[in-house]
file start-v7.pdb (PDB, C-alpha atoms, pLDDT in the B column)
MODEL        1
ATOM      1  CA  MET A 385      -1.763  35.521 -23.819  1.00 49.00           C
ATOM      2  CA  ASP A 386       1.758  34.443 -22.830  1.00 53.00           C
ATOM      3  CA  GLN A 387       3.036  31.817 -25.284  1.00 59.00           C
ATOM      4  CA  THR A 388       6.450  31.398 -23.619  1.00 66.00           C
ATOM      5  CA  PRO A 389       7.257  27.661 -23.397  1.00 73.00           C
ATOM      6  CA  PRO A 390       7.931  26.226 -19.916  1.00 82.00           C
ATOM      7  CA  ILE A 391      11.567  25.946 -18.905  1.00 89.00           C
ATOM      8  CA  ASN A 392      13.179  22.498 -18.692  1.00 92.00           C
ATOM      9  CA  HIS A 393      15.476  22.559 -15.655  1.00 94.00           C
ATOM     10  CA  ILE A 394      18.093  19.805 -15.915  1.00 94.00           C
ATOM     11  CA  PHE A 395      20.190  18.792 -12.893  1.00 95.00           C
ATOM     12  CA  VAL A 396      23.201  16.581 -13.605  1.00 93.00           C
ATOM     13  CA  ASP A 397      24.656  14.415 -10.825  1.00 94.00           C
ATOM     14  CA  PHE A 398      28.148  14.558 -12.334  1.00 91.00           C
ATOM     15  CA  GLU A 399      29.459  12.329  -9.570  1.00 89.00           C
ATOM     16  CA  ASN A 400      27.186   9.563 -10.913  1.00 90.00           C
ATOM     17  CA  VAL A 401      27.020  10.387 -14.642  1.00 89.00           C
ATOM     18  CA  HIS A 402      30.488  11.464 -15.796  1.00 85.00           C
ATOM     19  CA  GLU A 403      29.401  13.257 -18.951  1.00 84.00           C
ATOM     20  CA  VAL A 404      27.309  16.197 -20.116  1.00 84.00           C
ATOM     21  CA  ASP A 405      25.299  16.195 -23.336  1.00 84.00           C
ATOM     22  CA  LEU A 406      24.763  19.866 -24.167  1.00 75.00           C
ATOM     23  CA  SER A 407      23.298  19.214 -27.616  1.00 79.00           C
ATOM     24  CA  ILE A 408      19.838  19.639 -26.096  1.00 75.00           C
ATOM     25  CA  ILE A 409      20.512  23.308 -25.343  1.00 69.00           C
ATOM     26  CA  GLY A 410      19.024  25.642 -27.924  1.00 60.00           C
ATOM     27  CA  GLN A 411      16.359  23.187 -29.059  1.00 60.00           C
ATOM     28  CA  LYS A 412      13.993  24.133 -26.246  1.00 64.00           C
ATOM     29  CA  SER A 413      14.011  26.445 -23.267  1.00 85.00           C
ATOM     30  CA  VAL A 414      16.593  24.657 -21.128  1.00 89.00           C
ATOM     31  CA  GLU A 415      18.710  25.465 -18.082  1.00 91.00           C
ATOM     32  CA  VAL A 416      21.360  22.990 -16.937  1.00 92.00           C
ATOM     33  CA  THR A 417      22.845  22.766 -13.435  1.00 93.00           C
ATOM     34  CA  ILE A 418      25.882  20.479 -13.099  1.00 93.00           C
ATOM     35  CA  LEU A 419      26.790  19.340  -9.583  1.00 92.00           C
ATOM     36  CA  VAL A 420      30.410  18.287  -9.136  1.00 91.00           C
ATOM     37  CA  GLY A 421      31.650  16.397  -6.068  1.00 88.00           C
ATOM     38  CA  PRO A 422      34.586  17.616  -3.936  1.00 84.00           C
ATOM     39  CA  HIS A 423      36.866  14.846  -5.222  1.00 83.00           C
ATOM     40  CA  GLN A 424      36.311  15.738  -8.889  1.00 80.00           C
ATOM     41  CA  LYS A 425      39.036  18.352  -9.100  1.00 76.00           C
ATOM     42  CA  LYS A 426      39.540  18.388 -12.899  1.00 80.00           C
ATOM     43  CA  LEU A 427      37.174  18.754 -15.854  1.00 81.00           C
ATOM     44  CA  ASP A 428      37.945  17.698 -19.412  1.00 82.00           C
ATOM     45  CA  ALA A 429      39.018  20.633 -21.614  1.00 85.00           C
ATOM     46  CA  ASP A 430      36.465  19.742 -24.311  1.00 82.00           C
ATOM     47  CA  LEU A 431      33.699  19.814 -21.719  1.00 81.00           C
ATOM     48  CA  VAL A 432      34.851  23.201 -20.421  1.00 85.00           C
ATOM     49  CA  GLU A 433      34.740  24.596 -23.970  1.00 85.00           C
ATOM     50  CA  LYS A 434      31.168  23.346 -24.360  1.00 81.00           C
ATOM     51  CA  LEU A 435      30.156  24.885 -21.044  1.00 83.00           C
ATOM     52  CA  LEU A 436      31.620  28.255 -22.035  1.00 86.00           C
ATOM     53  CA  LYS A 437      29.652  28.228 -25.293  1.00 83.00           C
ATOM     54  CA  HIS A 438      26.430  27.931 -23.289  1.00 82.00           C
ATOM     55  CA  ALA A 439      27.430  30.050 -20.301  1.00 84.00           C
ATOM     56  CA  ASN A 440      24.001  31.709 -20.098  1.00 85.00           C
ATOM     57  CA  SER A 441      22.186  28.370 -19.805  1.00 87.00           C
ATOM     58  CA  VAL A 442      24.643  26.309 -17.739  1.00 89.00           C
ATOM     59  CA  HIS A 443      25.414  26.601 -14.028  1.00 91.00           C
ATOM     60  CA  LEU A 444      28.279  24.727 -12.386  1.00 91.00           C
ATOM     61  CA  VAL A 445      27.953  23.895  -8.677  1.00 92.00           C
ATOM     62  CA  ARG A 446      31.107  22.514  -7.067  1.00 90.00           C
ATOM     63  CA  LEU A 447      30.942  21.074  -3.565  1.00 90.00           C
ATOM     64  CA  VAL A 448      33.912  21.836  -1.340  1.00 85.00           C
ATOM     65  CA  ASP A 449      33.081  19.646   1.653  1.00 83.00           C
ATOM     66  CA  SER A 450      32.689  15.891   1.344  1.00 79.00           C
ATOM     67  CA  GLY A 451      30.096  13.777   3.105  1.00 82.00           C
ATOM     68  CA  ARG A 452      27.719  10.876   2.605  1.00 85.00           C
ATOM     69  CA  ASN A 453      25.243  11.731  -0.166  1.00 86.00           C
ATOM     70  CA  ALA A 454      26.530  15.314  -0.235  1.00 91.00           C
ATOM     71  CA  VAL A 455      25.800  15.773  -3.946  1.00 92.00           C
ATOM     72  CA  ASP A 456      22.360  14.158  -3.610  1.00 93.00           C
ATOM     73  CA  PHE A 457      21.234  16.520  -0.851  1.00 94.00           C
ATOM     74  CA  THR A 458      22.644  19.552  -2.623  1.00 94.00           C
ATOM     75  CA  LEU A 459      20.939  18.594  -5.862  1.00 95.00           C
ATOM     76  CA  ALA A 460      17.636  18.209  -3.998  1.00 95.00           C
ATOM     77  CA  TYR A 461      18.079  21.743  -2.650  1.00 95.00           C
ATOM     78  CA  TYR A 462      18.587  23.224  -6.126  1.00 96.00           C
ATOM     79  CA  VAL A 463      15.614  21.318  -7.547  1.00 96.00           C
ATOM     80  CA  GLY A 464      13.387  22.582  -4.733  1.00 95.00           C
ATOM     81  CA  ARG A 465      14.585  26.152  -5.144  1.00 95.00           C
ATOM     82  CA  ALA A 466      13.984  26.085  -8.899  1.00 95.00           C
ATOM     83  CA  ALA A 467      10.505  24.598  -8.381  1.00 94.00           C
ATOM     84  CA  VAL A 468       9.575  27.503  -6.104  1.00 94.00           C
ATOM     85  CA  LEU A 469      10.901  30.102  -8.549  1.00 94.00           C
ATOM     86  CA  ASN A 470       9.392  28.448 -11.625  1.00 93.00           C
ATOM     87  CA  PRO A 471       6.425  26.229 -10.627  1.00 91.00           C
ATOM     88  CA  SER A 472       5.286  25.845 -14.242  1.00 91.00           C
ATOM     89  CA  GLY A 473       8.606  24.331 -15.359  1.00 92.00           C
ATOM     90  CA  PHE A 474       9.771  20.765 -15.909  1.00 93.00           C
ATOM     91  CA  PHE A 475      12.496  19.355 -13.655  1.00 95.00           C
ATOM     92  CA  HIS A 476      14.819  16.584 -14.845  1.00 95.00           C
ATOM     93  CA  ILE A 477      17.464  14.778 -12.768  1.00 95.00           C
ATOM     94  CA  ILE A 478      20.206  12.995 -14.739  1.00 94.00           C
ATOM     95  CA  SER A 479      21.531  10.167 -12.558  1.00 93.00           C
ATOM     96  CA  GLY A 480      21.574   6.404 -12.398  1.00 91.00           C
ATOM     97  CA  ASP A 481      21.018   6.628  -8.625  1.00 91.00           C
ATOM     98  CA  THR A 482      17.510   5.345  -7.820  1.00 90.00           C
ATOM     99  CA  GLY A 483      17.801   7.059  -4.441  1.00 92.00           C
ATOM    100  CA  TYR A 484      16.385  10.152  -6.143  1.00 94.00           C
ATOM    101  CA  ASP A 485      13.106   8.379  -6.949  1.00 93.00           C
ATOM    102  CA  PRO A 486      11.414   9.093  -3.569  1.00 93.00           C
ATOM    103  CA  LEU A 487      12.231  12.781  -4.088  1.00 94.00           C
ATOM    104  CA  VAL A 488      10.779  12.686  -7.605  1.00 93.00           C
ATOM    105  CA  ASN A 489       7.622  10.928  -6.416  1.00 93.00           C
ATOM    106  CA  HIS A 490       7.201  13.441  -3.576  1.00 93.00           C
ATOM    107  CA  LEU A 491       7.544  16.352  -5.988  1.00 94.00           C
ATOM    108  CA  ARG A 492       4.980  14.836  -8.340  1.00 92.00           C
ATOM    109  CA  THR A 493       2.468  14.395  -5.518  1.00 91.00           C
ATOM    110  CA  ASN A 494       2.829  18.146  -4.988  1.00 91.00           C
ATOM    111  CA  GLN A 495       2.117  18.874  -8.660  1.00 91.00           C
ATOM    112  CA  VAL A 496       5.773  19.485  -9.556  1.00 93.00           C
ATOM    113  CA  ARG A 497       6.572  17.951 -12.947  1.00 93.00           C
ATOM    114  CA  ALA A 498       9.742  16.076 -12.021  1.00 93.00           C
ATOM    115  CA  HIS A 499      11.498  13.096 -13.604  1.00 93.00           C
ATOM    116  CA  ARG A 500      14.716  11.123 -13.139  1.00 92.00           C
ATOM    117  CA  HIS A 501      16.597   9.895 -16.193  1.00 92.00           C
ATOM    118  CA  GLY A 502      19.344   7.308 -16.067  1.00 89.00           C
ATOM    119  CA  ASP A 503      20.892   8.723 -19.238  1.00 86.00           C
ATOM    120  CA  TYR A 504      20.549  11.523 -21.776  1.00 85.00           C
ATOM    121  CA  ALA A 505      18.791   9.308 -24.336  1.00 83.00           C
ATOM    122  CA  SER A 506      15.819   9.031 -21.999  1.00 80.00           C
ATOM    123  CA  LEU A 507      15.714  12.827 -21.597  1.00 82.00           C
ATOM    124  CA  GLY A 508      16.024  13.318 -25.347  1.00 78.00           C
ATOM    125  CA  ARG A 509      12.890  11.264 -26.009  1.00 74.00           C
ATOM    126  CA  ILE A 510      10.922  13.750 -23.885  1.00 75.00           C
ATOM    127  CA  LEU A 511      12.482  16.982 -25.150  1.00 74.00           C
ATOM    128  CA  ASN A 512      12.438  15.877 -28.779  1.00 68.00           C
ATOM    129  CA  PRO A 513       9.639  13.331 -29.403  1.00 60.00           C
ATOM    130  CA  THR A 514       9.833  11.489 -32.701  1.00 54.00           C
ATOM    131  CA  GLU A 515       7.825  13.079 -35.479  1.00 45.00           C
ATOM    132  CA  PRO A 516       5.230  10.899 -37.280  1.00 46.00           C
ATOM    133  CA  THR A 517       6.752   9.048 -40.197  1.00 40.00           C
ATOM    134  CA  LYS A 518       5.278   9.177 -43.696  1.00 44.00           C
ATOM    135  CA  THR A 519       5.179   5.992 -45.749  1.00 45.00           C
ATOM    136  CA  ALA A 520       6.132   6.450 -49.406  1.00 46.00           C
ATOM    137  CA  PRO A 521       3.794   4.910 -52.031  1.00 49.00           C
ATOM    138  CA  PRO A 522       5.043   1.688 -53.662  1.00 50.00           C
ATOM    139  CA  SER A 523       6.992   2.239 -56.887  1.00 52.00           C
ATOM    140  CA  SER A 524       6.331  -1.160 -58.464  1.00 54.00           C
ATOM    141  CA  PRO A 525       3.034  -1.989 -60.235  1.00 57.00           C
ATOM    142  CA  ALA A 526       0.413  -3.899 -58.309  1.00 57.00           C
ATOM    143  CA  PRO A 527       0.452  -7.675 -58.911  1.00 59.00           C
ATOM    144  CA  ALA A 528      -2.373  -9.365 -60.754  1.00 62.00           C
ATOM    145  CA  PRO A 529      -5.271 -10.562 -58.572  1.00 61.00           C
ATOM    146  CA  ALA A 530      -4.660 -14.031 -57.142  1.00 57.00           C
ATOM    147  CA  LYS A 531      -7.159 -16.808 -57.392  1.00 59.00           C
ATOM    148  CA  VAL A 532      -9.496 -16.821 -54.400  1.00 57.00           C
ATOM    149  CA  VAL A 533      -9.172 -19.965 -52.315  1.00 55.00           C
ATOM    150  CA  ALA A 534     -11.417 -20.787 -49.380  1.00 58.00           C
ATOM    151  CA  VAL A 535      -9.524 -20.925 -46.091  1.00 53.00           C
ATOM    152  CA  PRO A 536     -10.694 -21.995 -42.650  1.00 57.00           C
ATOM    153  CA  LYS A 537     -11.738 -19.186 -40.303  1.00 58.00           C
ATOM    154  CA  LEU A 538      -8.985 -18.358 -37.825  1.00 52.00           C
ATOM    155  CA  PRO A 539      -9.435 -17.145 -34.222  1.00 52.00           C
ATOM    156  CA  LYS A 540      -9.574 -13.374 -33.824  1.00 53.00           C
ATOM    157  CA  ALA A 541      -6.046 -12.007 -33.445  1.00 49.00           C
ATOM    158  CA  PRO A 542      -4.973  -9.354 -30.930  1.00 48.00           C
ATOM    159  CA  LYS A 543      -4.994  -5.747 -32.076  1.00 49.00           C
ATOM    160  CA  PRO A 544      -1.723  -5.210 -33.974  1.00 47.00           C
ATOM    161  CA  MET A 545       0.832  -2.677 -32.813  1.00 46.00           C
ATOM    162  CA  ALA A 546       0.888   0.534 -34.783  1.00 45.00           C
ATOM    163  CA  THR A 547       3.624   0.774 -37.420  1.00 44.00           C
ATOM    164  CA  THR A 548       3.866   4.563 -37.430  1.00 47.00           C
ATOM    165  CA  SER A 549       5.579   6.568 -34.732  1.00 53.00           C
ATOM    166  CA  VAL A 550       3.348   8.910 -32.730  1.00 62.00           C
ATOM    167  CA  PRO A 551       4.893  11.735 -30.657  1.00 70.00           C
ATOM    168  CA  LEU A 552       4.545  11.165 -26.924  1.00 75.00           C
ATOM    169  CA  ASN A 553       3.766  13.912 -24.450  1.00 81.00           C
ATOM    170  CA  GLU A 554       5.768  14.474 -21.263  1.00 79.00           C
ATOM    171  CA  ASP A 555       3.811  12.061 -19.070  1.00 83.00           C
ATOM    172  CA  ALA A 556       3.576   9.305 -21.703  1.00 85.00           C
ATOM    173  CA  SER A 557       7.348   9.478 -22.279  1.00 82.00           C
ATOM    174  CA  TYR A 558       7.900   9.237 -18.524  1.00 83.00           C
ATOM    175  CA  VAL A 559       5.660   6.153 -18.356  1.00 86.00           C
ATOM    176  CA  LEU A 560       7.461   4.534 -21.303  1.00 85.00           C
ATOM    177  CA  ASP A 561      10.885   5.087 -19.711  1.00 82.00           C
ATOM    178  CA  HIS A 562       9.600   3.659 -16.432  1.00 80.00           C
ATOM    179  CA  LEU A 563       8.236   0.537 -18.150  1.00 86.00           C
ATOM    180  CA  HIS A 564      11.500   0.044 -20.057  1.00 81.00           C
ATOM    181  CA  SER A 565      13.536   0.246 -16.851  1.00 78.00           C
ATOM    182  CA  HIS A 566      11.261  -2.287 -15.096  1.00 80.00           C
ATOM    183  CA  SER A 567      10.904  -4.802 -17.926  1.00 81.00           C
ATOM    184  CA  LYS A 568      10.717  -7.791 -15.547  1.00 81.00           C
ATOM    185  CA  ASN A 569       7.935  -6.312 -13.438  1.00 85.00           C
ATOM    186  CA  ARG A 570       5.417  -4.905 -15.912  1.00 91.00           C
ATOM    187  CA  PRO A 571       1.670  -5.462 -15.424  1.00 91.00           C
ATOM    188  CA  ALA A 572       0.200  -8.095 -17.748  1.00 92.00           C
ATOM    189  CA  ARG A 573      -3.336  -6.694 -17.890  1.00 93.00           C
ATOM    190  CA  VAL A 574      -4.889  -3.299 -18.541  1.00 92.00           C
ATOM    191  CA  LYS A 575      -6.587  -3.201 -15.140  1.00 92.00           C
ATOM    192  CA  THR A 576      -3.355  -3.742 -13.210  1.00 92.00           C
ATOM    193  CA  LEU A 577      -1.445  -1.404 -15.549  1.00 93.00           C
ATOM    194  CA  THR A 578      -4.005   1.328 -14.842  1.00 92.00           C
ATOM    195  CA  SER A 579      -3.534   0.918 -11.078  1.00 89.00           C
ATOM    196  CA  HIS A 580       0.241   0.782 -11.548  1.00 87.00           C
ATOM    197  CA  LEU A 581       0.287   4.108 -13.426  1.00 89.00           C
ATOM    198  CA  ARG A 582      -1.870   5.824 -10.814  1.00 87.00           C
ATOM    199  CA  THR A 583       0.581   4.693  -8.133  1.00 83.00           C
ATOM    200  CA  LEU A 584       3.524   5.818 -10.290  1.00 82.00           C
ATOM    201  CA  PHE A 585       2.060   9.340 -10.382  1.00 79.00           C
ATOM    202  CA  GLY A 586       1.386   9.360  -6.646  1.00 76.00           C
ATOM    203  CA  ASN A 587      -2.392   8.983  -7.206  1.00 80.00           C
ATOM    204  CA  THR A 588      -2.504  12.514  -8.635  1.00 80.00           C
ATOM    205  CA  ILE A 589      -4.122  11.218 -11.844  1.00 84.00           C
ATOM    206  CA  THR A 590      -7.535   9.629 -12.309  1.00 88.00           C
ATOM    207  CA  GLU A 591      -8.306   6.210 -13.756  1.00 89.00           C
ATOM    208  CA  THR A 592      -9.428   7.994 -16.940  1.00 90.00           C
ATOM    209  CA  ASP A 593      -6.071   9.791 -17.142  1.00 88.00           C
ATOM    210  CA  ALA A 594      -4.204   6.493 -16.713  1.00 89.00           C
ATOM    211  CA  ASN A 595      -6.281   4.819 -19.425  1.00 90.00           C
ATOM    212  CA  SER A 596      -5.591   7.778 -21.721  1.00 89.00           C
ATOM    213  CA  LEU A 597      -1.831   7.272 -21.225  1.00 90.00           C
ATOM    214  CA  ILE A 598      -2.228   3.559 -21.977  1.00 92.00           C
ATOM    215  CA  GLU A 599      -4.127   4.340 -25.158  1.00 89.00           C
ATOM    216  CA  THR A 600      -1.417   6.805 -26.211  1.00 89.00           C
ATOM    217  CA  LEU A 601       1.231   4.087 -25.821  1.00 90.00           C
ATOM    218  CA  ARG A 602      -0.973   1.641 -27.765  1.00 89.00           C
ATOM    219  CA  GLN A 603      -1.488   4.053 -30.651  1.00 88.00           C
ATOM    220  CA  ALA A 604       2.253   4.770 -30.728  1.00 86.00           C
ATOM    221  CA  GLY A 605       2.932   1.034 -31.065  1.00 88.00           C
ATOM    222  CA  HIS A 606       4.733   0.556 -27.761  1.00 90.00           C
ATOM    223  CA  ILE A 607       2.111  -1.882 -26.438  1.00 91.00           C
ATOM    224  CA  SER A 608      -0.714  -4.009 -27.812  1.00 92.00           C
ATOM    225  CA  ILE A 609      -3.896  -5.047 -26.025  1.00 92.00           C
ATOM    226  CA  THR A 610      -6.049  -8.107 -26.687  1.00 92.00           C
ATOM    227  CA  ASP A 611      -9.841  -8.110 -26.502  1.00 90.00           C
ATOM    228  CA  LYS A 612      -9.509  -9.781 -23.105  1.00 89.00           C
ATOM    229  CA  GLY A 613      -7.338  -6.964 -21.747  1.00 91.00           C
ATOM    230  CA  ARG A 614      -3.952  -8.659 -21.863  1.00 92.00           C
ATOM    231  CA  VAL A 615      -1.035  -6.282 -22.475  1.00 93.00           C
ATOM    232  CA  THR A 616       1.969  -7.102 -24.658  1.00 92.00           C
ATOM    233  CA  TYR A 617       5.020  -4.796 -24.629  1.00 91.00           C
ATOM    234  CA  ARG A 618       7.099  -4.174 -27.724  1.00 85.00           C
ATOM    235  CA  ALA A 619      10.403  -4.115 -25.818  1.00 69.00           C
TER     236      ALA A 619
ENDMDL
END
call {"tool": "encode", "arguments": {"input": "start-v7.pdb", "output": "structure tokens"}}
result
Amino acid sequence: MDQTPPINHIFVDFENVHEVDLSIIGQKSVEVTILVGPHQKKLDADLVEKLLKHANSVHLVRLVDSGRNAVDFTLAYYVGRAAVLNPSGFFHIISGDTGYDPLVNHLRTNQVRAHRHGDYASLGRILNPTEPTKTAPPSSPAPAPAKVVAVPKLPKAPKPMATTSVPLNEDASYVLDHLHSHSKNRPARVKTLTSHLRTLFGNTITETDANSLIETLRQAGHISITDKGRVTYRA
């Protein structure tokens, strides 16, 4: 059975994001395509040195002719071509331009695993999910038992957020990044969050799938849910 990991194809809109973080190369199967606009005639020498070190994994596409949204359309072409050649891969667009979102949503409705990231930190959370943390045992002796005092019964509190970090899969990381970038418009209840996630994925996932993603975020401590279904977000 073929155990080769899927390729992460990364497309950088260098006209929008004027940097390249190549530290991700070598950690997973990654190919990077950098699209440079016609007016960007010079590249920093340090960047060129980094590109040469990873010449087998990095492709530089320089546009000669200018035009409205020239880089955007060209990037869409390269994403589509890569998706045809490697349908099992993951496709990441690095750009702060939300104009790519309709393209990403269209690709996802056609079962292409595509995402847009406004920065490299967002991409890094997907390529390198945080490993679970281990809590060290206390070094000081346990205190003596305190005297038991009767206290009034308090109302049942919401389920607490988890204190340990749980690795997120590709889709859960995508959902978390989406919720972070829309912090003023997040659903307040599980029912509406479920519908929101199904819409986010172009209705290619079931209600059960959406609830599974919500539970993953809850277990990882990114959200908490009360017994009445109200959702609280950590950040």
call {"tool": "residues_around", "arguments": {"input": "start-v7.pdb", "residues": "His564 of chain A", "least_positions_apart": "4", "cutoff": "12 Å", "atoms": "all atoms listed in the file", "output": "list of chain:residue names"}}
result
A:His501, A:Gly502, A:Ser506, A:Ser557, A:Tyr558, A:Val559, A:Leu560, A:Lys568, A:Asn569, A:Arg570, A:His606, A:Ile607, A:Tyr617, A:Arg618, A:Ala619
call {"tool": "closest_residue", "arguments": {"input": "start-v7.pdb", "among": "A:Val404, A:Asn470, A:Thr458, A:Arg446", "to": "Val432 of chain A", "atoms": "all atoms listed in the file"}}
result
A:Val404
call {"tool": "closest_residue", "arguments": {"input": "start-v7.pdb", "among": "A:Lys426, A:His443, A:Lys612, A:Arg452", "to": "His393 of chain A", "atoms": "only C-alpha atoms"}}
result
A:His443
call {"tool": "atom_distance", "arguments": {"input": "start-v7.pdb", "atom1": "atom CA of Ala604 of chain A", "atom2": "atom CA of Ile408 of chain A"}}
result
23.5 Å
call {"tool": "resolve_selection", "arguments": {"input": "start-v7.pdb", "expression": "the PyMOL selection byres ((chain A and resi 503) around 12)", "output": "MDAnalysis selection string"}}
result
chainID A and resid 394:398 400:405 476:481 499:502 504:509 561 565
call {"tool": "closest_residue", "arguments": {"input": "start-v7.pdb", "among": "A:Ser441, A:Asn494, A:Thr417, A:Thr576", "to": "Pro471 of chain A", "atoms": "all atoms listed in the file"}}
result
A:Asn494
call {"tool": "atom_distance", "arguments": {"input": "start-v7.pdb", "atom1": "atom CA of Phe474 of chain A", "atom2": "atom CA of Asn392 of chain A"}}
result
4.7 Å
call {"tool": "residues_around", "arguments": {"input": "start-v7.pdb", "residues": "Ala498 of chain A", "least_positions_apart": "5", "cutoff": "9 Å", "atoms": "only C-alpha atoms", "output": "number ranges by chain"}}
result
A: 473-477, 487-489, 491-492
call {"tool": "closest_residue", "arguments": {"input": "start-v7.pdb", "among": "A:Pro389, A:Gly451, A:Gly586, A:Gly605", "to": "Pro486 of chain A", "atoms": "only C-alpha atoms"}}
result
A:Gly586
call {"tool": "resolve_selection", "arguments": {"input": "start-v7.pdb", "expression": "the PyMOL selection byres ((chain A and resi 614) around 10)", "output": "VMD selection string"}}
result
chain A and resid 542 571 to 577 608 to 613 615 to 616
call {"tool": "atom_distance", "arguments": {"input": "start-v7.pdb", "atom1": "atom CA of Val455 of chain A", "atom2": "atom CA of Leu427 of chain A"}}
result
16.7 Å
call {"tool": "closest_residue", "arguments": {"input": "start-v7.pdb", "among": "A:Ser567, A:Asp449, A:Asn595, A:Ile391", "to": "Leu469 of chain A", "atoms": "only C-alpha atoms"}}
result
A:Ile391
call {"tool": "resolve_selection", "arguments": {"input": "start-v7.pdb", "expression": "the PyMOL selection byres ((chain A and resi 448) around 9)", "output": "VMD selection string"}}
result
chain A and resid 421 to 423 446 to 447 449 to 450
call {"tool": "axis_aligned_box", "arguments": {"input": "start-v7.pdb", "around": "segment 393-399 of chain A", "padding_each_side": "3 Å", "output": "AutoDock Vina command-line options"}}
result
--center_x 22.5 --center_y 17.4 --center_z -12.7 --size_x 20.0 --size_y 16.2 --size_z 12.3
call {"tool": "closest_residue", "arguments": {"input": "start-v7.pdb", "among": "A:Ser413, A:Leu597, A:Asn453, A:Arg465", "to": "Gly483 of chain A", "atoms": "all atoms listed in the file"}}
result
A:Asn453
